[in-house]
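One structure is given here, and the rest of the page talks about it.
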Amino acid sequence: MANRIPRVPVREQDPQVRAHNFEEVCYGYNAEEAALEASRCLHCKNPRCVTACPVSVNIPEFIAQIVAGDLKGAAAVIAKDSSLPAVCGRVCPQETQCEGSCILGVKGEPVAIGKLERFVADNAPKAETPASPAPGAKKVAVIGSGPAGLACASDLAKKGYDVTIFEALHKAGGVLEYGIPEFRLPKEAVLKREVDSVKALGVKIETDVIVGRTVTIDQLMDEEGFEAVFVGTGAGLPRFMGIPGENLNGVFSANEFLTRNNLMKAFRKDYLTPIHAGKKCCVVGGGNVAMDAARTALRLGADTTIVYRRTEVELPARKEEVHHAKQEGIDFQMLTNPVEILGDEKGWVRAIKCIRMELGEPDASGRRSPVPVEGSEFEIPTETVIMALGTSPNPLIVNTTDGLVATRRGCIEADGDGVTTRPGIFAGGDAVTGAATVILAMGAGRKAAASIDEYLQNK
Amino acid sequence: MFKILKREMLTPNICKMVVEAPRIAKAAKPGQFLIVRPNEKGERIPLTISDYDVENGTVTIVTQLIGASSAAIIATQEGEFFNDVVGPLGNPSAFVGKTADELKDARYIFIAGGVGTAPVYPQAKWLHDRGIAVDVIIGAKTKDLLIYTEELASACDNLYLCTDDGSEGFKGLVTALLEKLVNEDGMKYTQAVAIGPMIMMKFCTLTCKKLGIPEDVSLNMLMVDGTGMCGACRVTVAGKTKFACVDGPEFNGFDVDFDEAMRRLGQYKAEEMAAKEELDK
């Protein structure tokens, strides 16, 4: 029986070594390991993994192609539903999606679907057929080059549209570039390849354009001839706690800290970007961004603690990231909430004052909400504090575009097909849902591309 | 890539550059800033826009040599390129949103110091072109460090110069000159705008408060993206945390916590000094 084979472990960099470098943690499967792991799939008649995948990748089918040794075929199966497999294989929360539903997981370990997806994406020969839009093709503007924008642009280019992506930063990739660190998602080997393959389809990418400031959507449509616009601007604004001491020197948003290190390459000696992790760093939050910030601070030489107000069970981060963070020596202080940041006489952080929490009654979301334990305040000495409390969408586009409507949470109002309140303008990803996952954003970009195609065909 | 069309050293440490950036030139308004990343390994440096020319598609920036990153900007020669220039960022000056009627009885006094003199120019020009009364004070340590005197002379009604050593114009600080203009010369200003070093803006604010003149200041804080993403430019205004990049860069000076702003500007000083030493080797 195939399922008697235990899950094939994936080779990783030694935790002691990787705690001091920014190389990728996970090496991924080689062909032999992938074939063996693929052989564990039971090819269920009603595959629950497919239902649990936000974009319904035909998982048993691509795994069958790995078994058959046809990587090109496997890649083609995935490509029907996902345009960023090398990324999703690395950053999807598989344990709550495909792998969480795998039948093998009931009594043992689920098939390593994420690692197999990554294997296919990294190793399949690229079926690149360079293309450029036909003369007279209709022009579509895509705002933002993150997962939603890249997916939308590539689908539209494949349908023959003349697509230009406008990116506010100096490099394409959005959160994949500025947010997710090198040790989880290598920029040159993985991200650049994804971006290049979108460009190879004939998509133009114009960096350094902040739509809403440099040019407005109306100008793009009225003066530059774009007939439809997709807004995939993500959720990039950091949140702070609003506690005393947050503006002391040494308190950073995770966005600032990660952007300096990822986009601006502060970890490299040959780049001028300054970054300050200190000898002791506290990261507040429990999501993937908190794990990324903590593991970055650790690699920059800081003794790092993660402070989270609920328990480990509720940590929203991927299980693998929590596991890796612990292996690397990050201290986890659960049921702990900051109440004040304390400074020295020069205005630099010296400690973070926290209060212990306990889980109370379940709230409206069904999660047990943390309540402070009276009189349990204590101080954690630290030189830096990084706030990783989630992000919200930038209001710039809504504020500068008539006819677009913001929801109560500052998101752009759009339906499941990316249709907004204004004809010709579509939106998807975190800009619509608030901060979520790469795969949902990618899926939203693709749905919007289909809606744009339909809109332009009927126009 | 963004081409440098003109480069001129205004003082041994201050460099003026005219850069080809048609999209920014078309969208720019007085008071806004842009971000330059001179080369692949450089930082993203926020600079207030010192002029813009829609017809020629250019913007003008004026940079002072401070550390390794400003050195990289200044080292870029005429005919060469910056990797990135992005903008315009931030909100235009408050007067840009006012009606002619609201401005007709106004008299503006701009107080400019050091490299902050250059971004006063598009503001004074905007008002002067519309027939609104504008006076300008430029202050510097000594005569040779005064910049933009000719440009500003053509963009205001009265230009006052002052130097710490008295080598040109009034001898003393810009605040003393402002007090003299109001208290001794009987000038009546409805609005002041101070742009310069943080310490100068702090003392201008104290003087304007004393003289009862409403005052705006332009805060050039540390930034990474300039679009509200990083929060490095946090500043306390009227007791609330604001982002200088998207809520500013201009704020009512009376509301700004200057001491905090000055402290936050020094946040990466140790790292910058190290980089500068590396560069000087």
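By order of appearance in the structure tokens: chains A, B, ..., then residues from 1 within every chain, and ligands from 1 in the order shown.
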query: Near B:Val134, counting only C-alpha atoms, which residues have an atom at most 9 Å away, once you skip same-chain residues fewer than 2 positions from it, shown as a PyMOL selection string?
result: chain B and resi 106-110+124-125+127-128+131-132+136+155-159
Any chance you could export the current selection's C-alpha atoms as a short mmCIF file (atom, residue, chain, number, x, y, z; two decimals), in the first residue's frame?
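Writing the result to out.cif gives the following:
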data_model
loop_
_atom_site.label_atom_id
_atom_site.label_comp_id
_atom_site.auth_asym_id
_atom_site.auth_seq_id
_atom_site.Cartn_x
_atom_site.Cartn_y
_atom_site.Cartn_z
CA ALA B 106 -3.28 87.35 2.27
CA ARG B 107 0.35 88.31 2.78
CA TYR B 108 2.74 85.37 3.00
CA ILE B 109 6.14 85.33 4.63
CA PHE B 110 8.41 82.42 3.74
CA ALA B 124 6.53 81.68 -3.62
CA LYS B 125 6.33 81.60 -7.43
CA LEU B 127 1.55 82.79 -5.11
CA HIS B 128 3.49 85.61 -6.81
CA GLY B 131 -0.73 88.34 -7.58
CA ILE B 132 -0.72 87.37 -3.94
CA VAL B 136 10.79 85.80 1.62
CA ALA B 155 9.22 85.27 -7.17
CA CYS B 156 8.33 87.65 -4.37
CA ASP B 157 7.67 91.26 -3.46
CA ASN B 158 10.42 91.67 -0.89
CA LEU B 159 13.41 89.41 -0.46
#
- Residue list (alpha helix (DSSP H), DSSP) for stretch 55-263 of chain A, as a ChimeraX atom specification: /A:59-67,71-79,85-91,98-101,104-107,113-123,147-158,175-178,192-200,217-222,254-261
Could you please tell me, as a PyMOL selection string, which residues of chain B have an atom within 9 Å of chain A when using only C-alpha atoms? chain B and resi 23-24+26-28+37+40-44+68-69+83-90+223-225+227-232+234-236+241+260+263-264+266-268+271-272+275
Same residues, N, CA and C atoms, output as a compact mmCIF listing (two decimals), in the first residue's frame:
# COMPACT_ATOMS: atom_id res chain seq x y z
N ARG B 23 6.40 62.47 -16.16
CA ARG B 23 5.17 62.17 -15.41
C ARG B 23 5.10 63.01 -14.13
N ILE B 24 6.24 63.12 -13.43
CA ILE B 24 6.26 63.88 -12.17
C ILE B 24 6.08 65.37 -12.46
N LYS B 26 4.49 66.80 -14.75
CA LYS B 26 3.11 67.09 -15.11
C LYS B 26 2.20 67.11 -13.88
N ALA B 27 2.51 66.27 -12.90
CA ALA B 27 1.59 66.13 -11.75
C ALA B 27 1.97 66.99 -10.55
N ALA B 28 3.21 67.50 -10.52
CA ALA B 28 3.72 68.16 -9.32
C ALA B 28 2.99 69.45 -8.99
N ARG B 37 16.33 57.32 -5.96
CA ARG B 37 17.26 56.23 -5.65
C ARG B 37 18.34 56.31 -6.73
N GLU B 40 21.50 51.26 -7.99
CA GLU B 40 20.97 50.01 -7.47
C GLU B 40 21.24 49.83 -5.98
N LYS B 41 22.39 50.28 -5.53
CA LYS B 41 22.75 50.03 -4.14
C LYS B 41 22.47 51.19 -3.20
N GLY B 42 21.87 52.24 -3.75
CA GLY B 42 21.59 53.42 -2.94
C GLY B 42 20.29 53.32 -2.20
N GLU B 43 20.11 54.26 -1.25
CA GLU B 43 18.86 54.36 -0.51
C GLU B 43 17.83 55.11 -1.33
N ARG B 44 16.59 55.10 -0.85
CA ARG B 44 15.54 55.95 -1.42
C ARG B 44 15.53 57.23 -0.59
N ALA B 68 26.48 59.17 3.02
CA ALA B 68 26.85 58.36 1.87
C ALA B 68 25.78 58.41 0.77
N SER B 69 24.50 58.49 1.19
CA SER B 69 23.43 58.44 0.19
C SER B 69 23.29 59.75 -0.57
N ASN B 83 18.67 55.76 -11.13
CA ASN B 83 17.87 54.55 -11.33
C ASN B 83 16.38 54.86 -11.20
N ASP B 84 16.05 55.61 -10.14
CA ASP B 84 14.63 55.83 -9.85
C ASP B 84 14.35 57.24 -9.35
N VAL B 85 13.28 57.81 -9.87
CA VAL B 85 12.74 59.05 -9.33
C VAL B 85 11.23 58.85 -9.28
N VAL B 86 10.65 58.97 -8.11
CA VAL B 86 9.23 58.67 -7.99
C VAL B 86 8.51 59.78 -7.24
N GLY B 87 7.34 60.12 -7.72
CA GLY B 87 6.56 61.19 -7.10
C GLY B 87 5.50 61.68 -8.05
N PRO B 88 4.89 62.84 -7.84
CA PRO B 88 5.09 63.65 -6.64
C PRO B 88 4.40 63.00 -5.45
N LEU B 89 4.99 63.18 -4.27
CA LEU B 89 4.45 62.57 -3.07
C LEU B 89 3.97 63.62 -2.08
N GLY B 90 3.11 63.19 -1.19
CA GLY B 90 2.60 64.09 -0.16
C GLY B 90 1.55 65.03 -0.71
N MET B 223 12.29 58.28 5.44
CA MET B 223 11.24 57.53 4.75
C MET B 223 11.85 56.39 3.96
N VAL B 224 11.04 55.39 3.67
CA VAL B 224 11.49 54.36 2.74
C VAL B 224 10.67 54.46 1.44
N ASP B 225 9.36 54.22 1.54
CA ASP B 225 8.55 54.18 0.32
C ASP B 225 7.92 55.53 -0.01
N THR B 227 4.82 56.31 0.60
CA THR B 227 3.40 56.16 0.26
C THR B 227 2.56 55.71 1.45
N GLY B 228 3.13 55.74 2.65
CA GLY B 228 2.37 55.35 3.83
C GLY B 228 2.60 53.92 4.28
N MET B 229 3.52 53.24 3.62
CA MET B 229 3.74 51.83 3.90
C MET B 229 4.65 51.54 5.09
N CYS B 230 5.66 52.38 5.31
CA CYS B 230 6.67 51.98 6.29
C CYS B 230 6.48 52.63 7.64
N GLY B 231 5.96 53.84 7.68
CA GLY B 231 5.76 54.49 8.97
C GLY B 231 7.03 55.04 9.60
N ALA B 232 8.14 55.06 8.86
CA ALA B 232 9.39 55.59 9.41
C ALA B 232 9.26 57.09 9.68
N ARG B 234 6.93 58.75 11.05
CA ARG B 234 5.95 59.10 12.08
C ARG B 234 6.35 60.37 12.81
N VAL B 235 5.35 61.21 13.05
CA VAL B 235 5.60 62.46 13.74
C VAL B 235 4.33 62.78 14.54
N THR B 236 4.52 63.37 15.72
CA THR B 236 3.35 63.68 16.53
C THR B 236 2.88 65.10 16.23
N THR B 241 -0.34 60.65 16.18
CA THR B 241 0.71 60.20 15.28
C THR B 241 0.27 60.39 13.83
N GLU B 260 10.63 65.51 19.28
CA GLU B 260 10.49 64.12 18.85
C GLU B 260 10.95 63.97 17.39
N ARG B 263 14.66 63.96 17.18
CA ARG B 263 15.20 62.70 17.68
C ARG B 263 15.03 61.58 16.65
N ARG B 264 13.83 61.54 16.04
CA ARG B 264 13.55 60.47 15.07
C ARG B 264 14.42 60.61 13.82
N GLY B 266 17.42 61.24 13.79
CA GLY B 266 18.74 60.68 14.09
C GLY B 266 18.74 59.18 14.28
N GLN B 267 17.64 58.54 13.92
CA GLN B 267 17.46 57.14 14.24
C GLN B 267 18.51 56.21 13.63
N TYR B 268 19.01 56.56 12.47
CA TYR B 268 20.00 55.69 11.82
C TYR B 268 21.38 56.35 11.77
N GLU B 271 24.41 54.03 11.94
CA GLU B 271 24.59 53.26 10.71
C GLU B 271 25.10 54.18 9.58
N GLU B 272 24.56 55.42 9.54
CA GLU B 272 24.96 56.35 8.48
C GLU B 272 26.42 56.77 8.62
N ALA B 275 28.58 54.06 7.37
CA ALA B 275 28.57 54.02 5.90
C ALA B 275 29.44 55.13 5.33
Next item on the list: Tell me which protein, DNA and RNA residues are within 7 Å of stretch 26-30 of chain A, counting only C-alpha atoms, leaving out same-chain ones fewer than 3 positions away, and put them as a list in words.
Entry: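 My reading of the contact set: Val10, Arg11, Glu12, Gln13, Glu33, Ala34, Lys115 and Phe119 of chain A.
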message: Taking only stretch 237-455 of chain A into account, list the residues labelled strand (DSSP E or B) by DSSP (computed from the backbone), as a PyMOL selection string.
response: chain A and resi 237-238+249+251-253+280-284+303-307+331-333+336-343+348-362+368-372+378-381+384-387+391-392+406+412+414+419-420+425-427
In terms of only C-alpha atoms, the residue from A:Val284, A:Ala351, A:Val111, A:Ile397 at minimal distance from A:Met334 is A:Val284
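The interatomic distance for the pair atom CA of A:Arg309 and atom CA of A:Glu374 works out to 14.4 Å.
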_Give me, as an MDAnalysis selection string, all polymer residues having an atom no more than 7 Å from stretch 91-108 of chain A, counting only C-alpha atoms and skipping those fewer than 3 positions away in the same chain._
chainID A and resid 48:50 52:53 87:88 111:114 318 439
* To do: For atom CA of B:Lys202 and atom CA of B:Ile35, quote the distance in Å rounded to one decimal.
  =>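 Interatomic distance here is 24.6 Å.
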Which residue, B:Ile213, B:Lys242, B:Ile45, B:Leu146, has the smallest gap to B:Gly67 when you use only C-alpha atoms?
->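 Using only C-alpha atoms, B:Gly67 sits closest to B:Ile45.
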Name the residues in contact with A:Ile306 at a cut-off of 9 Å, using only C-alpha atoms, excluding same-chain residues fewer than 5 positions from it; report them as a ChimeraX atom specification. /A:281-286,290-291,294,330-334
Would you save the residues from that selection as a PDB file, in the first residue's frame, using C-alpha atoms?
ATOM      1  CA  CYS A 281      14.622  42.713  19.631  1.00  0.00           C
ATOM      2  CA  CYS A 282      10.952  42.189  20.490  1.00  0.00           C
ATOM      3  CA  VAL A 283       8.439  41.472  17.741  1.00  0.00           C
ATOM      4  CA  VAL A 284       4.761  42.012  18.529  1.00  0.00           C
ATOM      5  CA  GLY A 285       2.280  39.811  16.644  1.00  0.00           C
ATOM      6  CA  GLY A 286       1.736  36.201  15.638  1.00  0.00           C
ATOM      7  CA  ALA A 290       5.812  38.622  12.719  1.00  0.00           C
ATOM      8  CA  MET A 291       7.734  35.386  12.053  1.00  0.00           C
ATOM      9  CA  ALA A 294      11.692  38.034  14.019  1.00  0.00           C
ATOM     10  CA  ILE A 330      13.491  32.588  18.721  1.00  0.00           C
ATOM     11  CA  ASP A 331      11.880  32.990  22.139  1.00  0.00           C
ATOM     12  CA  PHE A 332       8.052  32.841  22.142  1.00  0.00           C
ATOM     13  CA  GLN A 333       6.180  34.719  24.867  1.00  0.00           C
ATOM     14  CA  MET A 334       2.547  33.687  24.461  1.00  0.00           C
TER      15      MET A 334
END
